[in-house]
Each structure stands twice: as C-alpha cells, then as structure tokens.
file entry_19.txt (compact mmCIF, C-alpha atoms and all ligand atoms)
# COMPACT_ATOMS: atom_id res chain seq x y z
CA MET A 18 28.54 2.47 1.95
CA LYS A 19 25.14 3.97 2.48
CA THR A 20 23.06 2.97 5.47
CA ILE A 21 19.45 2.08 4.74
CA ALA A 22 16.82 1.68 7.44
CA VAL A 23 14.05 -0.73 6.51
CA ILE A 24 10.96 0.02 8.61
CA PHE A 25 8.27 -2.64 8.96
CA GLY A 26 5.61 -4.24 11.17
CA GLY A 27 3.35 -1.60 12.66
CA GLN A 28 -0.17 -1.19 13.97
CA SER A 29 -2.06 -2.69 11.09
CA THR A 30 -4.01 -5.83 10.23
CA GLU A 31 -1.22 -6.45 7.73
CA HIS A 32 1.54 -6.43 10.37
CA ASP A 33 2.70 -9.97 9.58
CA VAL A 34 2.54 -9.46 5.82
CA SER A 35 4.80 -6.45 6.28
CA ILE A 36 7.40 -8.58 8.10
CA VAL A 37 7.59 -10.92 5.10
CA THR A 38 7.78 -8.04 2.60
CA ALA A 39 10.61 -6.43 4.60
CA LEU A 40 12.70 -9.52 5.24
CA ALA A 41 12.25 -11.43 1.98
CA SER A 42 11.64 -8.77 -0.65
CA VAL A 43 13.54 -5.75 0.66
CA ILE A 44 16.34 -6.64 3.10
CA LYS A 45 17.54 -9.78 1.31
CA PRO A 46 18.02 -8.18 -2.13
CA LEU A 47 19.44 -5.00 -0.55
CA GLU A 48 22.13 -7.09 1.12
CA LEU A 49 22.79 -8.98 -2.08
CA THR A 50 23.73 -5.70 -3.78
CA LYS A 51 26.69 -5.49 -1.34
CA LYS A 52 26.29 -1.72 -1.66
CA PHE A 53 24.37 -0.97 1.50
CA HIS A 54 24.37 -1.48 5.24
CA VAL A 55 20.86 -2.47 6.22
CA GLU A 56 19.39 -1.55 9.59
CA PRO A 57 16.09 -3.28 10.35
CA VAL A 58 13.60 -1.17 12.31
CA TYR A 59 10.62 -3.13 13.59
CA ILE A 60 7.45 -1.43 14.82
CA ALA A 61 5.67 -3.74 17.26
CA LYS A 62 1.91 -4.18 17.39
CA ASP A 63 1.69 -1.62 20.21
CA GLY A 64 3.54 0.97 18.10
CA SER A 65 6.93 0.75 19.88
CA TRP A 66 10.05 0.94 17.70
CA TYR A 67 13.00 -1.49 17.89
CA TRP A 68 16.26 -1.47 15.98
CA ASP A 69 18.42 -4.54 16.11
CA LYS A 70 20.33 -6.82 13.68
CA LYS A 71 18.38 -9.74 15.15
CA LEU A 72 15.22 -8.40 13.64
CA LYS A 73 16.37 -9.52 10.18
CA ASP A 74 15.73 -13.18 10.90
CA ILE A 75 12.30 -14.57 10.00
CA LYS A 76 12.72 -17.38 12.55
CA PHE A 77 12.73 -14.79 15.31
CA TYR A 78 9.10 -14.02 14.46
CA GLN A 79 8.04 -17.57 13.54
CA SER A 80 9.28 -18.98 16.85
CA GLY A 81 7.47 -16.35 18.88
CA GLU A 82 10.78 -15.12 20.39
CA ILE A 83 9.78 -11.67 19.24
CA GLU A 84 7.09 -11.47 21.96
CA ASP A 85 9.69 -11.92 24.65
CA TYR A 86 12.14 -9.58 22.93
CA VAL A 87 9.74 -6.63 22.77
CA LYS A 88 9.05 -6.98 26.49
CA LYS A 89 12.75 -6.70 27.39
CA ALA A 90 14.62 -4.87 24.65
CA ALA A 91 15.41 -1.17 24.70
CA LYS A 92 13.14 0.85 22.48
CA THR A 93 14.51 2.99 19.71
CA HIS A 94 14.25 6.74 19.42
CA ILE A 95 14.70 8.84 16.37
CA LEU A 96 16.66 12.02 16.30
CA PHE A 97 15.74 14.72 13.82
CA ASP A 98 19.12 16.22 12.97
CA ASN A 99 18.49 17.54 9.48
CA GLY A 100 18.31 13.91 8.60
CA LEU A 101 17.42 10.91 10.66
CA THR A 102 19.48 9.17 13.30
CA LEU A 103 18.43 6.03 15.16
CA VAL A 104 19.20 6.06 18.87
CA LYS A 105 18.97 3.32 21.48
CA SER A 106 20.39 2.58 24.90
CA SER A 107 23.27 0.12 24.83
CA GLN A 108 23.93 -2.55 27.42
CA PHE A 109 26.41 -0.21 29.11
CA ALA A 110 24.41 2.02 31.41
CA GLY A 111 24.27 5.63 30.36
CA ARG A 112 25.78 4.92 26.92
CA LYS A 113 23.74 5.29 23.80
CA GLN A 114 24.14 3.84 20.35
CA TYR A 115 23.62 6.11 17.35
CA LYS A 116 23.23 5.37 13.64
CA LYS A 117 22.86 8.04 11.00
CA ILE A 118 20.50 6.85 8.24
CA ASP A 119 21.10 7.82 4.60
CA LEU A 120 17.85 6.51 3.20
CA VAL A 121 14.69 4.83 4.51
CA PHE A 122 12.92 1.95 2.82
CA PRO A 123 9.39 1.75 4.28
CA ALA A 124 8.03 -1.80 4.05
CA MET A 125 4.73 -1.15 5.80
CA HIS A 126 1.27 -2.23 4.74
CA GLY A 127 -2.05 -0.75 5.79
CA THR A 128 -2.82 1.70 8.56
CA HIS A 129 -0.16 3.74 10.42
CA GLY A 130 2.52 3.21 7.82
CA GLU A 131 1.46 2.78 4.22
CA ASP A 132 -1.16 5.50 4.63
CA GLY A 133 1.19 8.49 4.77
CA GLU A 134 1.76 8.68 8.53
CA LEU A 135 5.28 7.29 8.36
CA MET A 136 6.05 9.39 5.29
CA GLY A 137 5.19 12.51 7.32
CA ILE A 138 7.90 11.65 9.84
CA LEU A 139 10.40 11.01 7.05
CA GLU A 140 9.56 14.31 5.35
CA MET A 141 10.04 16.16 8.64
CA ALA A 142 13.44 14.49 9.00
CA ASN A 143 14.26 15.41 5.38
CA VAL A 144 15.65 11.94 4.75
CA PRO A 145 15.26 10.32 1.29
CA TYR A 146 12.78 7.43 1.31
CA VAL A 147 11.42 4.86 -1.11
CA GLY A 148 7.89 4.99 -2.45
CA CYS A 149 4.88 7.27 -2.39
CA ASN A 150 5.05 10.58 -0.54
CA VAL A 151 2.54 11.95 1.99
CA PRO A 152 -0.27 13.17 -0.29
CA SER A 153 -0.15 10.24 -2.71
CA SER A 154 -0.12 7.72 0.15
CA VAL A 155 -3.06 9.45 1.82
CA ILE A 156 -5.06 9.52 -1.42
CA ALA A 157 -4.21 5.95 -2.32
CA MET A 158 -5.21 4.57 1.05
CA ASP A 159 -8.62 6.25 1.01
CA LYS A 160 -10.86 4.61 -1.58
CA ILE A 161 -13.09 7.71 -1.66
CA LEU A 162 -10.31 10.27 -2.06
CA ALA A 163 -8.70 8.08 -4.73
CA LYS A 164 -11.96 8.00 -6.70
CA GLN A 165 -12.48 11.76 -6.28
CA VAL A 166 -8.99 12.58 -7.53
CA THR A 167 -9.06 10.15 -10.45
CA GLU A 168 -12.55 11.21 -11.43
CA SER A 169 -11.37 14.80 -11.71
CA ALA A 170 -8.73 13.48 -14.12
CA LYS A 171 -11.57 11.89 -16.14
CA ILE A 172 -10.55 8.35 -15.24
CA PRO A 173 -13.63 6.09 -15.25
CA SER A 174 -14.81 3.97 -12.34
CA THR A 175 -18.07 2.16 -11.61
CA PRO A 176 -20.90 4.43 -10.31
CA TRP A 177 -20.45 5.05 -6.59
CA THR A 178 -21.41 7.18 -3.62
CA TRP A 179 -20.16 7.60 -0.07
CA PHE A 180 -21.05 8.79 3.42
CA TYR A 181 -19.52 9.50 6.83
CA SER A 182 -20.32 6.76 9.34
CA ASP A 183 -21.60 9.48 11.69
CA GLU A 184 -24.27 10.41 9.15
CA LEU A 185 -25.68 6.91 9.29
CA ALA A 186 -26.03 7.13 13.05
CA HIS A 187 -28.23 10.21 12.53
CA GLY A 188 -30.60 8.56 10.06
CA SER A 189 -30.28 6.64 6.85
CA ASP A 190 -32.83 8.39 4.58
CA LYS A 191 -30.47 10.73 2.74
CA ILE A 192 -27.82 8.03 2.36
CA LEU A 193 -30.31 5.47 1.02
CA LYS A 194 -31.56 8.03 -1.47
CA ARG A 195 -28.06 8.41 -2.88
CA ILE A 196 -27.56 4.65 -2.99
CA ASN A 197 -30.91 4.17 -4.77
CA SER A 198 -29.45 5.40 -8.03
CA LEU A 199 -27.02 2.44 -8.10
CA LYS A 200 -27.85 -0.96 -9.59
CA TYR A 201 -27.49 -4.18 -7.54
CA PRO A 202 -25.33 -6.01 -6.70
CA LEU A 203 -23.58 -3.34 -4.62
CA PHE A 204 -20.21 -3.44 -2.89
CA VAL A 205 -20.14 -1.69 0.48
CA LYS A 206 -16.62 -0.97 1.71
CA PRO A 207 -14.87 0.82 4.57
CA ALA A 208 -12.82 3.59 2.91
CA HIS A 209 -9.43 2.83 4.43
CA LEU A 210 -9.16 -0.90 5.03
CA GLY A 211 -7.73 -3.59 2.79
CA SER A 212 -7.88 -7.38 2.56
CA SER A 213 -11.66 -7.21 2.06
CA ILE A 214 -12.17 -6.54 5.78
CA GLY A 215 -15.65 -5.10 6.38
CA ILE A 216 -16.63 -5.39 2.69
CA THR A 217 -20.03 -6.83 1.77
CA ARG A 218 -21.43 -7.74 -1.62
CA VAL A 219 -25.10 -6.82 -1.36
CA THR A 220 -27.48 -8.54 -3.75
CA ALA A 221 -30.84 -7.37 -2.35
CA LYS A 222 -32.25 -4.31 -0.60
CA ASP A 223 -33.01 -6.12 2.65
CA GLN A 224 -29.27 -6.80 3.15
CA LEU A 225 -28.21 -3.22 2.60
CA MET A 226 -28.66 -1.69 6.08
CA ASN A 227 -26.66 -4.45 7.69
CA ALA A 228 -23.81 -3.99 5.19
CA LEU A 229 -23.76 -0.22 5.80
CA GLU A 230 -23.58 -0.80 9.53
CA VAL A 231 -20.78 -3.35 9.24
CA ALA A 232 -18.63 -1.01 7.13
CA SER A 233 -19.42 1.93 9.47
CA HIS A 234 -18.23 -0.15 12.37
CA TYR A 235 -14.75 -0.36 10.81
CA ASP A 236 -14.27 3.11 9.38
CA ASP A 237 -15.37 6.73 9.59
CA LYS A 238 -16.07 6.79 5.84
CA VAL A 239 -17.93 4.24 3.73
CA ILE A 240 -18.06 3.83 -0.04
CA VAL A 241 -20.89 2.08 -1.89
CA GLU A 242 -20.21 0.94 -5.45
CA GLN A 243 -22.21 -0.56 -8.22
CA GLY A 244 -20.98 -4.09 -8.94
CA VAL A 245 -19.10 -4.48 -12.21
CA GLU A 246 -20.57 -7.20 -14.42
CA ASN A 247 -18.71 -9.63 -16.68
CA LEU A 248 -15.81 -8.96 -14.39
CA VAL A 249 -12.16 -9.59 -15.06
CA GLU A 250 -9.84 -8.07 -12.47
CA ALA A 251 -6.51 -6.66 -13.51
CA THR A 252 -3.66 -5.27 -11.48
CA LEU A 253 -0.67 -3.32 -12.70
CA PRO A 254 2.52 -2.79 -10.70
CA ILE A 255 4.19 0.47 -11.69
CA MET A 256 7.43 2.19 -10.70
CA GLY A 257 9.10 5.52 -11.32
CA ASN A 258 8.68 9.22 -10.64
CA GLU A 259 7.69 11.59 -13.48
CA ASN A 260 7.95 8.90 -16.15
CA PRO A 261 6.56 5.77 -14.56
CA VAL A 262 7.03 2.35 -16.16
CA PRO A 263 4.54 -0.52 -15.92
CA ALA A 264 5.33 -4.14 -15.14
CA LEU A 265 2.98 -6.71 -16.70
CA LEU A 266 -0.76 -6.55 -16.34
CA GLU A 267 -1.72 -9.34 -13.96
CA GLU A 268 -5.06 -11.07 -13.68
CA PRO A 269 -5.98 -12.53 -10.30
CA LEU A 270 -7.93 -15.70 -11.00
CA LEU A 271 -10.96 -16.09 -8.80
CA LYS A 272 -14.68 -16.23 -9.07
CA SER A 273 -16.30 -12.84 -8.69
CA GLU A 274 -18.92 -14.29 -6.33
CA ASP A 275 -16.30 -15.26 -3.76
CA PHE A 276 -14.22 -12.13 -4.03
CA PHE A 277 -10.89 -11.90 -2.25
CA ASP A 278 -10.90 -12.33 1.45
CA PHE A 279 -7.96 -12.40 3.83
CA GLU A 280 -7.89 -16.19 3.82
CA THR A 281 -7.80 -16.50 0.02
CA LYS A 282 -5.29 -13.71 -0.30
CA TYR A 283 -2.70 -14.67 2.26
CA MET A 284 -3.26 -17.96 3.96
CA GLN A 285 -3.02 -20.38 1.06
CA GLY A 286 0.65 -19.67 0.46
CA GLY A 287 2.00 -20.94 -2.81
CA LYS A 288 -1.32 -22.36 -3.92
CA LYS A 289 -3.38 -19.23 -4.05
CA GLY A 290 -0.66 -16.73 -3.34
CA THR A 291 -1.64 -13.76 -5.44
CA GLY A 292 -1.73 -11.65 -2.31
CA LYS A 293 0.77 -9.47 -0.57
CA ASN A 294 3.12 -12.29 0.34
CA ALA A 295 3.19 -13.52 -3.20
CA GLY A 296 6.43 -11.75 -4.06
CA ALA A 297 8.32 -14.12 -1.85
CA LYS A 298 7.00 -17.09 -3.80
CA ALA A 299 7.24 -16.15 -7.40
CA SER A 300 6.41 -19.53 -8.83
CA GLY A 301 3.64 -20.31 -6.38
CA SER A 302 1.96 -17.04 -7.05
CA GLN A 303 1.47 -17.96 -10.67
CA GLY A 304 -0.94 -20.69 -9.64
CA TYR A 305 -3.66 -18.23 -8.87
CA SER A 306 -2.97 -15.34 -11.15
CA ARG A 307 -2.17 -14.98 -14.81
CA ILE A 308 0.74 -12.86 -16.04
CA PRO A 309 0.18 -11.27 -18.45
CA ALA A 310 -3.59 -10.96 -18.10
CA ASP A 311 -5.61 -12.78 -20.74
CA LEU A 312 -7.35 -9.74 -22.22
CA PRO A 313 -7.83 -8.72 -25.86
CA LYS A 314 -5.05 -6.43 -27.03
CA ASP A 315 -7.13 -3.23 -26.99
CA LEU A 316 -8.38 -3.84 -23.44
CA TYR A 317 -4.89 -4.76 -22.24
CA LYS A 318 -3.57 -1.51 -23.69
CA ALA A 319 -6.46 0.49 -22.21
CA ALA A 320 -5.84 -1.04 -18.75
CA GLU A 321 -2.13 -0.26 -18.94
CA GLU A 322 -2.87 3.31 -19.94
CA LEU A 323 -5.50 3.75 -17.24
CA GLY A 324 -3.10 2.37 -14.61
CA LEU A 325 -0.39 4.84 -15.60
CA ASN A 326 -2.89 7.71 -15.61
CA VAL A 327 -4.04 6.81 -12.11
CA TYR A 328 -0.41 6.71 -10.92
CA LYS A 329 0.31 10.12 -12.39
CA SER A 330 -2.93 11.86 -11.43
CA THR A 331 -2.65 10.81 -7.78
CA GLY A 332 1.00 11.86 -7.62
CA CYS A 333 2.42 8.42 -6.89
CA ARG A 334 6.18 8.05 -7.02
CA GLY A 335 8.65 5.24 -6.47
CA ILE A 336 6.29 2.30 -6.62
CA ALA A 337 2.58 1.44 -6.45
CA ARG A 338 0.07 -1.02 -7.85
CA VAL A 339 -3.14 0.02 -9.54
CA ASP A 340 -6.12 -2.36 -9.46
CA MET A 341 -8.79 -2.25 -12.13
CA LEU A 342 -12.16 -3.85 -12.80
CA VAL A 343 -12.83 -4.75 -16.42
CA ASP A 344 -16.31 -5.33 -17.85
CA THR A 345 -15.32 -7.59 -20.71
CA LYS A 346 -18.69 -7.43 -22.44
CA ALA A 347 -18.99 -3.64 -22.39
CA LYS A 348 -15.22 -3.54 -23.09
CA LYS A 349 -14.73 -1.03 -20.32
CA VAL A 350 -11.80 -0.67 -17.93
CA MET A 351 -12.57 0.98 -14.59
CA PHE A 352 -10.29 2.13 -11.80
CA ASN A 353 -10.76 0.25 -8.51
CA GLU A 354 -7.99 1.09 -6.03
CA ILE A 355 -4.31 1.88 -5.50
CA ASN A 356 -1.85 0.08 -3.24
CA PRO A 357 1.08 2.43 -2.59
CA LEU A 358 3.32 -0.36 -1.34
CA PRO A 359 2.35 -3.63 -3.01
CA GLY A 360 3.07 -6.68 -0.86
CA GLY A 361 6.43 -8.28 -1.62
CA LEU A 362 6.86 -5.24 -3.95
CA TYR A 363 5.01 -7.52 -6.40
CA ALA A 364 8.47 -8.78 -7.27
CA HIS A 365 7.06 -11.94 -8.88
CA ASN A 366 5.52 -9.74 -11.57
CA TRP A 367 8.63 -7.55 -12.00
CA ASN A 368 10.69 -10.74 -12.34
CA LYS A 369 8.48 -11.82 -15.24
CA ALA A 370 8.93 -8.37 -16.76
CA GLY A 371 12.68 -9.04 -16.69
CA ILE A 372 13.61 -7.16 -13.52
CA SER A 373 15.33 -9.11 -10.75
CA ASN A 374 14.71 -8.47 -7.05
CA VAL A 375 18.12 -6.82 -6.75
CA GLU A 376 17.46 -4.55 -9.74
CA LEU A 377 14.04 -3.71 -8.35
CA VAL A 378 15.27 -2.46 -4.96
CA SER A 379 18.21 -0.67 -6.63
CA LYS A 380 15.89 1.21 -8.98
CA LEU A 381 13.58 2.13 -6.10
CA ILE A 382 16.53 3.61 -4.23
CA ASP A 383 17.51 5.64 -7.30
CA TYR A 384 13.95 6.98 -7.59
CA ALA A 385 13.96 7.88 -3.88
CA GLU A 386 17.21 9.80 -4.25
CA GLU A 387 16.00 11.55 -7.38
CA ALA A 388 12.78 12.69 -5.65
CA TRP A 389 14.73 13.88 -2.61
CA GLN A 390 17.24 15.83 -4.73
CA LYS A 391 14.39 17.53 -6.51
CA LYS A 392 12.79 18.54 -3.24
CA GLN A 393 16.05 20.10 -2.02
CA LYS A 394 15.86 22.57 -4.88
CA LEU A 395 12.58 24.03 -3.63
CA ALA A 396 12.97 27.19 -1.59
CA THR A 397 12.02 26.82 2.07
CA ALA A 398 13.40 30.14 3.31
CA PHE A 399 11.95 33.56 2.65
CA SER A 400 13.34 36.60 4.43
CA THR A 401 10.97 39.18 5.82
CA ASN A 402 11.03 42.02 8.34
CA TYR A 403 8.21 40.39 10.22
CA LEU A 404 10.07 39.82 13.49
CA LYS A 405 11.44 43.36 13.60
CA GLN A 406 7.95 44.80 13.70
CA PHE A 407 7.45 43.59 17.26
N1 LIG A 501 -17.51 -2.55 -7.79
C1 LIG A 501 -17.15 -3.84 -7.80
N2 LIG A 501 -17.66 -4.71 -8.71
C2 LIG A 501 -17.30 -6.03 -8.71
N3 LIG A 501 -16.45 -6.56 -7.84
C3 LIG A 501 -15.90 -5.76 -6.91
C4 LIG A 501 -16.22 -4.35 -6.84
N4 LIG A 501 -15.53 -3.81 -5.83
C5 LIG A 501 -14.82 -4.81 -5.28
N5 LIG A 501 -15.04 -5.99 -5.90
C6 LIG A 501 -14.43 -7.30 -5.54
O1 LIG A 501 -14.04 -7.23 -4.20
C7 LIG A 501 -12.63 -7.35 -4.05
C8 LIG A 501 -12.14 -6.49 -2.91
O2 LIG A 501 -12.44 -5.12 -3.13
P1 LIG A 501 -11.33 -4.01 -3.10
O3 LIG A 501 -11.99 -2.72 -3.44
O4 LIG A 501 -10.22 -4.43 -3.99
O5 LIG A 501 -10.92 -3.99 -1.58
P2 LIG A 501 -9.60 -4.41 -0.79
O6 LIG A 501 -8.98 -3.13 -0.37
O7 LIG A 501 -10.10 -5.16 0.38
O8 LIG A 501 -8.72 -5.21 -1.71
C9 LIG A 501 -12.10 -6.97 -5.41
O9 LIG A 501 -10.84 -7.54 -5.63
C10 LIG A 501 -13.18 -7.54 -6.34
O10 LIG A 501 -13.04 -8.94 -6.46
MG MG A 502 -8.22 -4.93 -3.68
call {"tool": "encode", "arguments": {"input": "entry_19.txt", "output": "structure tokens"}}
result
Amino acid sequence: MKTIAVIFGGQSTEHDVSIVTALASVIKPLELTKKFHVEPVYIAKDGSWYWDKKLKDIKFYQSGEIEDYVKKAAKTHILFDNGLTLVKSSQFAGRKQYKKIDLVFPAMHGTHGEDGELMGILEMANVPYVGCNVPSSVIAMDKILAKQVTESAKIPSTPWTWFYSDELAHGSDKILKRINSLKYPLFVKPAHLGSSIGITRVTAKDQLMNALEVASHYDDKVIVEQGVENLVEATLPIMGNENPVPALLEEPLLKSEDFFDFETKYMQGGKKGTGKNAGAKASGSQGYSRIPADLPKDLYKAAEELGLNVYKSTGCRGIARVDMLVDTKAKKVMFNEINPLPGGLYAHNWNKAGISNVELVSKLIDYAEEAWQKKQKLATAFSTNYLKQF
C-alpha cells in the first residue's frame, strides 16, 4: 500500500477552506479507495507543521481543540532522503517516529502553498505530487504573469495594465497615463490574492486613486482591468497532463454589480456555495451556479477551447480551474484567471461530468505519477573535468 501525505492549512486567508478541501474532498475519497495509507499533515497559521492521525477529524478544528493541540504537540520535520520522510518526536524521550511518503497530495489554497512554494519543497525532495508544478503554480497565482503568458499564446483578455506598488508611492502620473487608455468601469486588483480581497470596481475617476492605494496595500503588484460588459462568468475545471480533459463549463450565478466577495463565496454554505467549499456540498452548490453554463453552443465551445489553451500554455498539470469572462453581446470569451487547486477539487462539477470523488482522486494520483516518471528520465548529471582543474 502506498503512503500518501495530504498537506493542508497554511499561512493563507484560505486556511480554513483548505481544511475542508483536504478532509472532505481528498482524504475521505482516498481512504475509500482502500488502496492508500493517508497521513494528514497540517500547517498551522504560524507556519508550523504537524503530522498526526487526529488531524483527519473535522470536529477537531470545529471545536477549537486544534488551538490547544498546536501549543502542545511535537512539530514535524521533513527529511530529504531522495524522497520525503516525515519525522516527529514520539512520546518516548529520545525516540523519533519516521514515515516514508510515496506521494504528496497538496490541498492548499492561496499564499504559501498553492502558489508554488510548497511545490518547490516537493521538487527538491523528488517526491511525486498531485497538481500543478512550480512554474505553473507561480504563473497561475499571479494575475499579471498569467495574463502575460496567455497573451503571448494569443489568448484574449479584457484590456489591462499593471504597476508595482512601489511605483505608486513615487508618484501616480505615469501609472494614471497607462490607465487612461482603459474604459470605465475598471477593476483594480492585487496580483496575488483571491476571494476578491482588495479588489475594487471603479466607476468614476475620483474613486480611482483610492482603489489603487487599497490594492497596493495588499500586494507588491497591482493589475487594472477594463470591466467586461454584458457579462456572463464561466469557469472550467480541467485535469490531466499533456492531454487535459475538461469537466463541464460552469456558470456562477450572481449579479455583476455585486461581484464575488468572501462572504458570498464561502459563508452561505449550501445556499450560495459556488465557492471553494462547494465540492463538499454537491447539491447545495447547484443553487448558485449552473452546470452546464447556459451559453449558446458556439460560445460554450469557444470557452471550453480557451480554457484548455490557457491550461496548456501556462504549463498546468494534474488539475486546475480556468475562469473566463464572456461578453455575450460581442460574443467574446476572455481569460480571467487560473486556480491551480480549485476548492473541493470542484468535485461537484466532476460528479456531474460522470466522475466520482474516488475516481477523481485516483486519476489525479495517476497523473502525478506519470509526471514524476517523466521527470526521472531527464538527465541531471553531466560529467566534467571541472573539479580537477583546481
Ligand atoms: N474585468 C472584469 N470585468 C467584469 N467583472 C470582473 C472583471 N474582473 C473581475 N470581475 C468580477 O470580479 C470577480 C472577482 O475577480 P477575480 O479576478 O476573479 O478575483 P478573485 O481572485 O478574487 O476571484 C469576478 O468573479 C467577476 O465577477
Ligand atoms: Mg475569481
């Protein structure tokens, strides 16, 4: 039996969402396969790592017991031994507990996890892992980089510009000049955050400076986009490596004037649960999104194609979700953003596409192994006489 470490939590605004993804959408179906030993690895809000069977129980977090636990429990180390081994002190003084990991399933959302940082550690350990690799995670989690890469692949998005927050501190003239070429309303966004944190919809010039300052407060890079009119949003979960397959195009149902905020996305549970915890509540999630999206056939097809092109051009592998903005009058599909690890794996959508939660995690593990095998074939050694010259 293979041992799989599921890593979740972390230093991110989406810490709690990650717990639900890990426990409900990853660990539960992995255990149902009866093919794997699952080792939960929880990263606390301060960045400390813990590895313990107890960490598989949602009640542990709901009751607040977790706060007490992290104060007392032994922290976990990782050993890089041409692979990855978890290490922690046991209750017997001087003795340590070891567990060699065969594959890692990251279930992290947001900063310090979904953004490529964790993937860097896993690459260094040369352990197979599920989902996007370092470069694709980095690109996906930076709205500016994602637009730059997709633009070079001729994938359309709404007109946009960007600046470093530092630039704004040194004067706004040049930045405002660039923004002037965009039509209102504008969307001002921090480059790396999610859940609409720090995003402002700007309808008039006198609101602009404030919006730029708010976004700069949250991030070192800020993107300013022209608002898409006659908007229908569409999101496409995708999985696979070289030959990715789409799930169903999903249409979040909301008014464009009160665009997603954290509250709408996560806090309304089954009622408005199109957000990252939606996977856990397949039926509830349908209340606030439509699967498949209600778009004319040609636009549906165009969105599906655009989503797959984004996935390929940014080098995604394993799983991701591509979000698009559709101007239904102009009949134009535009790329908006990529989520390398969609909340709850977007299992509710995969389920509708005929793939059960167990099949979903099993396929993701196969993709992880395939990607790892391929990497092993690349040469990492090259002999030279370099050392002898000294
Ligand atoms: N250019 C745009 N035109 C119209 N609506 C937009 C635009 N950009 C963002 N929005 C609205 O704001 C929401 C949040 O923006 P998004 O870029 O998806 O950020 P987040 O990472 O917070 O999800 C989108 O789901 C959409 O409703
Ligand atoms: Mg979004």
call {"tool": "closest_atom_pairs", "arguments": {"input": "entry_19.txt", "of": "stretch 340-386 of chain A", "to": "stretch 116-129 of chain A", "cutoff": "12 Å", "atoms": "only C-alpha atoms", "output": "tab-separated table"}}
result
residue	atom	partner	partner_atom	distance
A:Ile355	CA	A:Gly127	CA	11.8
A:Asn356	CA	A:His126	CA	8.9
A:Pro357	CA	A:His126	CA	8.7
A:Leu358	CA	A:His126	CA	6.7
A:Pro359	CA	A:His126	CA	7.9
A:Gly360	CA	A:His126	CA	7.4
A:Gly361	CA	A:Ala124	CA	8.8
A:Leu362	CA	A:Ala124	CA	8.8
A:Val378	CA	A:Phe122	CA	9.2
A:Ser379	CA	A:Phe122	CA	11.1
A:Leu381	CA	A:Phe122	CA	8.9
A:Ile382	CA	A:Leu120	CA	8.1
A:Asp383	CA	A:Leu120	CA	10.5
A:Tyr384	CA	A:Leu120	CA	11.5
A:Ala385	CA	A:Leu120	CA	8.2
A:Glu386	CA	A:Leu120	CA	8.2
call {"tool": "residues_near_ligand", "arguments": {"input": "entry_19.txt", "ligand": "ligand MG 502 (chain A)", "cutoff": "7 Å", "atoms": "all atoms listed in the file", "output": "list in words"}}
result
Gly211, Ser212, Asp340 and Glu354 of chain A
call {"tool": "residues_near_point", "arguments": {"input": "entry_19.txt", "point": "(-12.9, 9.7, -5.7)", "cutoff": "10 Å", "atoms": "all atoms listed in the file", "output": "count of residues only"}}
result
19
call {"tool": "residues_near_ligand", "arguments": {"input": "entry_19.txt", "ligand": "ligand LIG 501 (chain A)", "cutoff": "7 Å", "atoms": "all atoms listed in the file", "output": "PyMOL selection string"}}
result
chain A and resi 175+203-204+210-214+216+242-246+248+250+273+276-277+342+353-354
call {"tool": "atom_distance", "arguments": {"input": "entry_19.txt", "atom1": "atom CA of A:His94", "atom2": "atom CA of A:Gly26"}}
result
16.2 Å
call {"tool": "residues_near_point", "arguments": {"input": "entry_19.txt", "point": "(16.9, 3.7, 17.0)", "cutoff": "8 Å", "atoms": "only C-alpha atoms", "output": "list in words"}}
result
Val58, Trp66, Tyr67, Trp68, Lys92, Thr93, His94, Ile95, Thr102, Leu103, Val104, Lys105, Gln114, Tyr115 and Lys116 of chain A
call {"tool": "atom_distance", "arguments": {"input": "entry_19.txt", "atom1": "atom CA of A:Val327", "atom2": "atom CA of A:Gln390"}}
result
24.3 Å
call {"tool": "closest_residue", "arguments": {"input": "entry_19.txt", "among": "A:Glu387, A:Glu140, A:Asp183, A:Asp311", "to": "A:Val239", "atoms": "all atoms listed in the file"}}
result
A:Asp183
call {"tool": "residues_around", "arguments": {"input": "entry_19.txt", "residues": "A:Val219", "least_positions_apart": "3", "cutoff": "10 Å", "atoms": "only C-alpha atoms", "output": "PyMOL selection string"}}
result
chain A and resi 201-205+216+222-229+241+243-244
call {"tool": "closest_residue", "arguments": {"input": "entry_19.txt", "among": "A:Asn402, A:Thr345, A:Thr331, A:Gln28", "to": "A:Ser154", "atoms": "only C-alpha atoms"}}
result
A:Thr331
call {"tool": "residues_around", "arguments": {"input": "entry_19.txt", "residues": "A:Val262", "least_positions_apart": "5", "cutoff": "10 Å", "atoms": "all atoms listed in the file", "output": "VMD selection string"}}
result
chain A and resid 254 to 257 321 325 336
call {"tool": "closest_residue", "arguments": {"input": "entry_19.txt", "among": "A:Ser29, A:Ser153, A:Thr20, A:Ser107", "to": "A:Asp63", "atoms": "all atoms listed in the file"}}
result
A:Ser29
call {"tool": "atom_distance", "arguments": {"input": "entry_19.txt", "atom1": "atom CA of A:Cys149", "atom2": "atom CA of A:Ala364"}}
result
17.2 Å
call {"tool": "closest_residue", "arguments": {"input": "entry_19.txt", "among": "A:Gly81, A:Pro57, A:Gly133, A:Pro261", "to": "A:Ser330", "atoms": "all atoms listed in the file"}}
result
A:Pro261
call {"tool": "closest_residue", "arguments": {"input": "entry_19.txt", "among": "A:Leu404, A:Ile308, A:Val23, A:Leu40", "to": "A:Ala264", "atoms": "all atoms listed in the file"}}
result
A:Ile308
call {"tool": "residues_around", "arguments": {"input": "entry_19.txt", "residues": "A:Met18", "least_positions_apart": "6", "cutoff": "7 Å", "atoms": "all atoms listed in the file", "output": "PyMOL selection string"}}
result
chain A and resi 52-54
call {"tool": "closest_residue", "arguments": {"input": "entry_19.txt", "among": "A:Arg338, A:Lys76, A:Arg112, A:Lys70", "to": "A:Pro263", "atoms": "only C-alpha atoms"}}
result
A:Arg338
call {"tool": "decode", "arguments": {"input": "entry_19.txt", "residues": "stretch 240-264 of chain A", "atoms": "C-alpha atoms", "output": "short mmCIF file (atom, residue, chain, number, x, y, z; two decimals), in the first residue's frame"}}
result
data_model
loop_
_atom_site.label_atom_id
_atom_site.label_comp_id
_atom_site.auth_asym_id
_atom_site.auth_seq_id
_atom_site.Cartn_x
_atom_site.Cartn_y
_atom_site.Cartn_z
CA ILE A 240 -3.49 44.93 -12.09
CA VAL A 241 -6.10 47.30 -13.53
CA GLU A 242 -8.61 45.87 -15.99
CA GLN A 243 -11.33 47.22 -18.17
CA GLY A 244 -14.70 45.92 -16.98
CA VAL A 245 -16.31 43.36 -19.27
CA GLU A 246 -19.83 44.35 -20.31
CA ASN A 247 -22.84 42.08 -20.83
CA LEU A 248 -21.01 39.75 -18.51
CA VAL A 249 -21.56 36.06 -18.06
CA GLU A 250 -18.88 34.35 -15.98
CA ALA A 251 -17.79 30.84 -16.81
CA THR A 252 -15.42 28.50 -15.05
CA LEU A 253 -13.96 25.27 -16.35
CA PRO A 254 -12.35 22.60 -14.17
CA ILE A 255 -9.71 20.69 -16.12
CA MET A 256 -7.47 17.73 -15.34
CA GLY A 257 -4.62 15.91 -17.00
CA ASN A 258 -1.04 16.40 -18.12
CA GLU A 259 -0.22 16.68 -21.85
CA ASN A 260 -3.77 15.87 -22.95
CA PRO A 261 -6.01 17.64 -20.47
CA VAL A 262 -9.73 16.90 -20.25
CA PRO A 263 -12.40 19.43 -19.30
CA ALA A 264 -15.26 18.90 -16.86
#
